[in-house]
Amino acid sequence: MIIPIEPVASGPAADNGPAVQRDIQHYMRPGTLQLGSLPPLSLYIHLPWCLKKCPYCDFNSHEWRSGDAQSGLPEERYIDALVADLEAALPLIWGRTVHSIFMGGGTPSLFSPAAIDRLIAAVRARVRLEADCEITLEANPGTFEKDRFRAYRAAGVTRLSIGVQSFDDRFLRALGRVHDGDQARAAVAEAAQAFETFNLDIMYALPGQTLDDLDRDLRTALSFSPPHISIYHLTIEPNTYFAKFPPAIPEDDTAYAMLDRISETTGCAGMQRYEISAYAQPGHACFHNTNYWQFGDYLGIGAGAHSKLSFAHRVVRQVRFRDPARYMDQALAGHALAQDNEVRRAELPFEYMLNALRLREGFALQDYMERTGLPLSTIAKGLEMAERKGLITRDLGRVVPTELGFDFLSDLQELFLAD
């Protein structure tokens with residue numbers, strides 16, 4: 001699961017035709033924003049196939065059936081397309097250092113360690129990576145094989161993110177997962193031996209789940225001493241199987257009690273809730289996702305991948321073609337972009353707050369000006385209203401969500417919508 005905001009989301013397909021291919025001069029022309037410096041840059045790589053589409057999933061993921069092709073998953077061609085996509089985008093990030101790489105899906109661990117090794121090597125050959133660049137791979141216990149995780153580590157992956165969701169077979173069946181509790185425990189144990197840092201994805205407020213059930217999942221998860229846990233409330237998203245056939249999920253009061261239990265239990269284990277859904281041991285916060293939340297830049301390559309890129313006078317969002325087959329055709333022809341749009345000045349305050357207010361430590365007002373190129377007057381009204389409602393505190397140039405603001409995050413973020 002992609003942890004904070006989806007670089008790859010569902011919704012209307014953007015596959016009508018390639019976006020106009022522009023050269024770097026188009027992005028560097030004068031504009032209304034004034035960005036004094038560029039934020040850190042991350043690279044997101046989307047690997048879109050999975051064994052089975054989960055009923056709650058609204059990501060751009062596609063079931064891979066063994067009969068889809070005689071030779072199996074098209075690893076070679078897809079990586080060729082990713083490399084072509086990256087090379088076409090290089091002028092937009094020329095000279096910039098990549099601080100983190102996140103391979104999400106789908107189920108990236110469907111790709112062989114040899115394919116991941118080739119992909120990472122191709123990236124290293126084309127962009128400058130930070131010396132301690134965080135390289136994350138999402139993995140599914142249903143694709144787990146003994147020593148496979150160690151092979152990913154040898155290929156250059158530094159951090160594994162394991163989509164456990166639950167250790168209880170009842171809830172795994174309800175969620176349509178392809179693994180069982182034993183496979184989940186085996187995968188986490190292997191990750192703990194192979195990696196210095198790793199993440200567990202857990203879900204709560206599941207169909208039929210009680211507080212006692214949640215306690216058992218948390219105890220199991222924490223028994224592995226994970227450096228990081230991402231814990232998500234099951235939500236019913238549009239255009240999913242659950243949207244058509246919604247399951248009976250716990251009432252809101254029970255879900256709030258579950259969240260309180262999660263915060264209490266992880267806190268007792270020495271983990272800090274540094275973001276609305278993320279808990280980490282000191283020094284193990286996910287840099288890649290933190291960069292999203294701090295309104296950093298990310299180049300997204302792969303089927304349906306989204307990018308957010310900053311230039312001296314504008315912020316740009318891009319989307320690649322969603323359908324994997326079409327993406328490969330278009331990327332190999334040098335036309336992977338389906339959408340390329342400049343973010344309107346009036347939309348930037350909300351876009352920034354949609355991310356930054358997810359962080360427990362909030363944000364510095366100076367960072368707002370540097371990341372958006374806008375003056376503080378553009379958020380003054382929203383800040384005053386949020387402070388009056390008790391949703392934020394302001395001190396020494398920093399804005400921090402209160403407990404109330406964290407509990408009613410959507411209400412807080414909406415205060416910064418353009419009129």
# chains A, B, ... in the order shown; residues from 1 in each chain; ligands from 1
>>> residues_around(residues="range 397-399 of chain A", least_positions_apart="3", cutoff="7 Å", atoms="only C-alpha atoms", output="PyMOL selection string")
chain A and resi 362-365+392-394
>>> select_by_dssp(residues="range 39-250 of chain A", states="alpha helix (DSSP H)", output="PyMOL selection string")
chain A and resi 75-93+113-126+148-155+169-174+181-194+211-222+241-244
>>> atom_distance(atom1="CA of Tyr241 in chain A", atom2="CA of Cys54 in chain A")
8.1 Å
>>> residues_around(residues="range 265-275 of chain A", least_positions_apart="5", cutoff="9 Å", atoms="only C-alpha atoms", output="PyMOL selection string")
chain A and resi 4+215+218-219+222+225+227-229+260+280-282+285+290+293+357-361
>>> atom_distance(atom1="CA of Gln209 in chain A", atom2="CA of Arg170 in chain A")
9.3 Å
>>> residues_around(residues="range 155-162 of chain A", least_positions_apart="3", cutoff="7 Å", atoms="only C-alpha atoms", output="number ranges by chain")
A: 113, 116-117, 120, 134-140, 151-152, 195, 197-201
>>> residues_around(residues="Asp80 in chain A", least_positions_apart="2", cutoff="9 Å", atoms="only C-alpha atoms", output="number ranges by chain")
A: 75-78, 82-85, 119, 328, 331-332
>>> select_by_dssp(residues="range 9-145 of chain A", states="strand (DSSP E)", output="ChimeraX atom specification")
/A:41-47,49-50,62-63,97-105,128-139
>>> closest_residue(among="A:Leu404, A:Ile262, A:Val188, A:Cys286", to="Arg216 in chain A", atoms="only C-alpha atoms")
A:Ile262
>>> closest_residue(among="A:Pro250, A:Gly181, A:Pro91, A:Gly163", to="Gln21 in chain A", atoms="only C-alpha atoms")
A:Pro91
>>> residues_around(residues="Lys52 in chain A", least_positions_apart="5", cutoff="8 Å", atoms="only C-alpha atoms", output="list of chain:residue names")
A:His62, A:Glu63, A:Trp64, A:Arg177, A:Val178
>>> closest_residue(among="A:Gln413, A:Ser109, A:Ser37, A:Asn355", to="Asn289 in chain A", atoms="only C-alpha atoms")
A:Asn355
>>> residues_around(residues="Ser61 in chain A", least_positions_apart="5", cutoff="7 Å", atoms="only C-alpha atoms", output="PDB file with N, CA, C and O atoms, in the first residue's frame")
ATOM      1  N   PRO A  48       2.466  -2.374 -11.707  1.00  0.00           N
ATOM      2  CA  PRO A  48       1.012  -2.365 -11.558  1.00  0.00           C
ATOM      3  C   PRO A  48       0.314  -3.703 -11.338  1.00  0.00           C
ATOM      4  O   PRO A  48      -0.888  -3.721 -11.064  1.00  0.00           O
ATOM      5  N   TRP A  49       1.038  -4.825 -11.449  1.00  0.00           N
ATOM      6  CA  TRP A  49       0.328  -6.104 -11.409  1.00  0.00           C
ATOM      7  C   TRP A  49       0.243  -6.675  -9.998  1.00  0.00           C
ATOM      8  O   TRP A  49       1.104  -6.437  -9.148  1.00  0.00           O
ATOM      9  N   CYS A  50      -0.828  -7.418  -9.759  1.00  0.00           N
ATOM     10  CA  CYS A  50      -1.003  -8.128  -8.494  1.00  0.00           C
ATOM     11  C   CYS A  50      -1.640  -9.488  -8.793  1.00  0.00           C
ATOM     12  O   CYS A  50      -2.150  -9.716  -9.890  1.00  0.00           O
ATOM     13  N   GLY A 105       2.727  -0.504  -5.913  1.00  0.00           N
ATOM     14  CA  GLY A 105       1.915  -1.246  -6.862  1.00  0.00           C
ATOM     15  C   GLY A 105       0.424  -1.159  -6.601  1.00  0.00           C
ATOM     16  O   GLY A 105      -0.016  -0.271  -5.904  1.00  0.00           O
ATOM     17  N   GLY A 106      -0.281  -2.189  -7.108  1.00  0.00           N
ATOM     18  CA  GLY A 106       0.158  -3.519  -7.486  1.00  0.00           C
ATOM     19  C   GLY A 106       0.941  -4.208  -6.363  1.00  0.00           C
ATOM     20  O   GLY A 106       0.948  -3.832  -5.218  1.00  0.00           O
TER      21      GLY A 106
END
>>> closest_residue(among="A:Leu348, A:Leu86, A:Ala192, A:Ala248", to="Ser223 in chain A", atoms="only C-alpha atoms")
A:Ala192
>>> closest_residue(among="A:Pro226, A:Phe295, A:Gly72, A:Ile301", to="Asp367 in chain A", atoms="only C-alpha atoms")
A:Phe295
>>> atom_distance(atom1="CA of Gln34 in chain A", atom2="CA of Val343 in chain A")
13.8 Å
>>> closest_residue(among="A:Ala221, A:Ala257, A:Leu337, A:Ala125", to="Ala189 in chain A", atoms="only C-alpha atoms")
A:Ala221
>>> decode(residues="range 128-166 of chain A", atoms="C-alpha atoms", output="PDB file, in the first residue's frame")
ATOM      1  CA  ARG A 128      22.334  11.141  -8.949  1.00  0.00           C
ATOM      2  CA  LEU A 129      21.235   9.374  -5.761  1.00  0.00           C
ATOM      3  CA  GLU A 130      21.806  10.622  -2.231  1.00  0.00           C
ATOM      4  CA  ALA A 131      24.545   8.563  -0.605  1.00  0.00           C
ATOM      5  CA  ASP A 132      22.069   7.061   1.891  1.00  0.00           C
ATOM      6  CA  CYS A 133      19.141   7.019  -0.530  1.00  0.00           C
ATOM      7  CA  GLU A 134      16.135   5.195   0.928  1.00  0.00           C
ATOM      8  CA  ILE A 135      14.957   2.540  -1.551  1.00  0.00           C
ATOM      9  CA  THR A 136      11.625   0.951  -0.608  1.00  0.00           C
ATOM     10  CA  LEU A 137       9.881  -2.023  -2.196  1.00  0.00           C
ATOM     11  CA  GLU A 138       6.277  -2.957  -1.412  1.00  0.00           C
ATOM     12  CA  ALA A 139       5.865  -6.686  -0.824  1.00  0.00           C
ATOM     13  CA  ASN A 140       2.937  -9.034  -0.346  1.00  0.00           C
ATOM     14  CA  PRO A 141       3.221 -12.069   1.948  1.00  0.00           C
ATOM     15  CA  GLY A 142       1.344 -13.988  -0.757  1.00  0.00           C
ATOM     16  CA  THR A 143       4.421 -13.693  -3.009  1.00  0.00           C
ATOM     17  CA  PHE A 144       6.863 -14.536  -0.221  1.00  0.00           C
ATOM     18  CA  GLU A 145       9.514 -17.198  -0.780  1.00  0.00           C
ATOM     19  CA  LYS A 146      12.381 -18.097   1.513  1.00  0.00           C
ATOM     20  CA  ASP A 147      15.467 -15.937   0.780  1.00  0.00           C
ATOM     21  CA  ARG A 148      13.526 -13.755  -1.709  1.00  0.00           C
ATOM     22  CA  PHE A 149      13.655 -10.752   0.612  1.00  0.00           C
ATOM     23  CA  ARG A 150      17.417 -11.162   1.056  1.00  0.00           C
ATOM     24  CA  ALA A 151      17.775 -11.150  -2.731  1.00  0.00           C
ATOM     25  CA  TYR A 152      15.918  -7.835  -2.892  1.00  0.00           C
ATOM     26  CA  ARG A 153      18.276  -6.505  -0.227  1.00  0.00           C
ATOM     27  CA  ALA A 154      21.251  -7.607  -2.310  1.00  0.00           C
ATOM     28  CA  ALA A 155      19.727  -5.840  -5.335  1.00  0.00           C
ATOM     29  CA  GLY A 156      19.851  -2.530  -3.469  1.00  0.00           C
ATOM     30  CA  VAL A 157      16.472  -2.307  -1.705  1.00  0.00           C
ATOM     31  CA  THR A 158      17.030  -0.781   1.753  1.00  0.00           C
ATOM     32  CA  ARG A 159      13.491  -0.880   3.127  1.00  0.00           C
ATOM     33  CA  LEU A 160      10.632  -3.351   2.685  1.00  0.00           C
ATOM     34  CA  SER A 161       6.978  -2.378   3.141  1.00  0.00           C
ATOM     35  CA  ILE A 162       4.894  -5.490   3.763  1.00  0.00           C
ATOM     36  CA  GLY A 163       1.142  -5.457   3.080  1.00  0.00           C
ATOM     37  CA  VAL A 164       0.095  -7.611   6.028  1.00  0.00           C
ATOM     38  CA  GLN A 165      -3.274  -5.865   6.745  1.00  0.00           C
ATOM     39  CA  SER A 166      -4.073  -8.471   9.439  1.00  0.00           C
TER      40      SER A 166
END
